[in-house]
Amino acid sequence: MKQRKALNIAVEAKLWKYNYWHNEAVKYAQHIYSSDSIFSFIPKNASSTLRWSIAVDNGILDVDCDIKWTTKPPNSWIFNPTLYYQLKNNYTFVILRCPYSRLASSYLDQIVRKPHIYLTHWPKENILRTTLDPLMSRYVTFDRFVKKIRSNKNFLYGNAHWIPQFRFLLYDDYDDYFCVEEFGKVVDTLREKIGFKVYDTRKRLNHGIDSLKKIEVPNPHKLNAKELLEMKNNGEIVNPKSLFTDEHIEIVKNLYAEDIDLYRSKFGEKNLMFPDTL
């Protein structure tokens with residue numbers, strides 16, 4: 001086993017609970033038992049696929065079980081590593097994503113499907129959702145979403161799907177850094193290094209927009225959630241890149257500067273949505 005050094009541990013803290021960002025990162029870490037490996041999952045970065053695959057590999061699920069298991073938040077925490085395995089393990093890895101692409105995906109998936117999140121910061125069910133969604137769906141645009149993230153720090157850090165990616169990191173150095181844009185490398189490398197099989201859940205969960213026809217429309221950043229949901233139901237969607245105006249690019253560049261720097265340092269600029277703006 002390798003000895004690790006975890007990030008964000010406040011040694012001078014009197015109580016362990018005050019190691020806030022470390023403890024948050026542990027919530028998003030998964031222990032793969034068969035290889036004593038630690039995976040830091042980041043929402044919107046193929047996290048459902050990896051969490052499902054880990055549950056199968058760890059032996060609590062059959063591959064044919066109800067795929068919606070991954071959508072229930074409490075199931076995300078059951079494989080959190082103990083302190084021992086956080087600091088001693090055989091292999092660590094994380095999957096990153098272009099910050100622009102991740103934010104667009106958060107809007108087109110989370111906000112468009114559940115526009116009440118714009119107010120509540122986190123998905124709600126039952127009467128709150130059924131009351132708010134019809135109202136908010138005509139109000140929330142990508143433009144409003146991005147500008148609220150800029151103006152409201154609680155909103156920026158209130159939902160894991162758009163919290164900056166560096167906040168999920170348990171270590172300052174992982175054995176492997178992967179990116180969503182080259183997902184085939186994840187599948188091949190994990191199979192070769194730790195004998196781990198990845199089960200791609202994206203189609204089964206109806207996540208992503210790969211199967212939708214990309215169309216061009218005027219001012220897509222001004223389309224509201226209702227209009228975009230209707231497009232998705234008709235098998236169409238705007239090109240995520242077209243959502244960004246120069247103003248939005250600048251906002252993301254500033255808010256997610258650490259994520260952009262991290263991504264560039266590991267993968268270069270070829271998969272960044274707006275490399276020329278850096």
# chains A, B, ... in the order shown; residues from 1 in each chain; ligands from 1
$ select_by_dssp --residues "segment 70-193 of chain A" --states "helix (DSSP H, G or I)" --output "VMD selection string"
chain A and resid 70 to 71 73 to 76 83 to 87 99 to 113 117 to 120 126 to 136 142 to 151 153 to 156 165 to 168 180 to 193
$ residues_around --residues "Glu182 of chain A" --least-positions-apart "2" --cutoff "10 Å" --atoms "only C-alpha atoms" --output "NGL selection string"
:A and (95 or 97 or 178-180 or 184-187 or 267 or 271)
$ atom_distance --atom1 "atom CA of Asn224 of chain A" --atom2 "atom CA of Ser48 of chain A"
26.4 Å
$ residues_around --residues "Asn58 of chain A" --least-positions-apart "4" --cutoff "7 Å" --atoms "only C-alpha atoms" --output "list of chain:residue names"
A:Ile32, A:Tyr33, A:Ile54
$ residues_around --residues "Lys226 of chain A" --least-positions-apart "3" --cutoff "9 Å" --atoms "only C-alpha atoms" --output "tab-separated table (two decimals) with N, CA and C atoms, in the first residue's frame"
chain	number	residue	atom	x	y	z
A	112	VAL	N	-32.90	22.29	-16.25
A	112	VAL	CA	-33.99	22.13	-17.21
A	112	VAL	C	-34.99	21.08	-16.74
A	113	ARG	N	-34.51	20.01	-16.10
A	113	ARG	CA	-35.43	18.98	-15.60
A	113	ARG	C	-36.09	19.38	-14.29
A	115	PRO	N	-36.30	22.88	-12.55
A	115	PRO	CA	-35.99	24.31	-12.44
A	115	PRO	C	-36.15	24.90	-11.04
A	134	PRO	N	-43.50	24.61	-12.48
A	134	PRO	CA	-44.22	25.33	-13.54
A	134	PRO	C	-43.93	26.83	-13.55
A	136	MET	N	-41.02	28.34	-12.26
A	136	MET	CA	-39.62	28.63	-12.56
A	136	MET	C	-39.23	28.25	-13.97
A	137	SER	N	-39.91	27.27	-14.57
A	137	SER	CA	-39.52	26.79	-15.89
A	137	SER	C	-39.58	27.88	-16.95
A	138	ARG	N	-40.46	28.88	-16.75
A	138	ARG	CA	-40.58	29.98	-17.71
A	138	ARG	C	-39.64	31.14	-17.38
A	139	TYR	N	-38.94	31.03	-16.28
A	139	TYR	CA	-38.09	32.13	-15.82
A	139	TYR	C	-36.60	31.84	-15.97
A	140	VAL	N	-36.20	30.61	-15.70
A	140	VAL	CA	-34.78	30.30	-15.62
A	140	VAL	C	-34.19	30.06	-17.00
A	223	LEU	N	-33.18	31.11	-23.93
A	223	LEU	CA	-34.25	30.12	-23.89
A	223	LEU	C	-34.50	29.71	-22.45
A	229	LEU	N	-36.78	22.01	-22.37
A	229	LEU	CA	-37.33	20.69	-22.07
A	229	LEU	C	-38.20	20.20	-23.23
A	230	GLU	N	-38.96	21.09	-23.82
A	230	GLU	CA	-39.78	20.71	-24.97
A	230	GLU	C	-38.90	20.27	-26.13
A	231	MET	N	-37.78	20.94	-26.32
A	231	MET	CA	-36.83	20.53	-27.36
A	231	MET	C	-36.30	19.14	-27.09
$ atom_distance --atom1 "atom CA of Tyr28 of chain A" --atom2 "atom CA of Asn152 of chain A"
23.6 Å
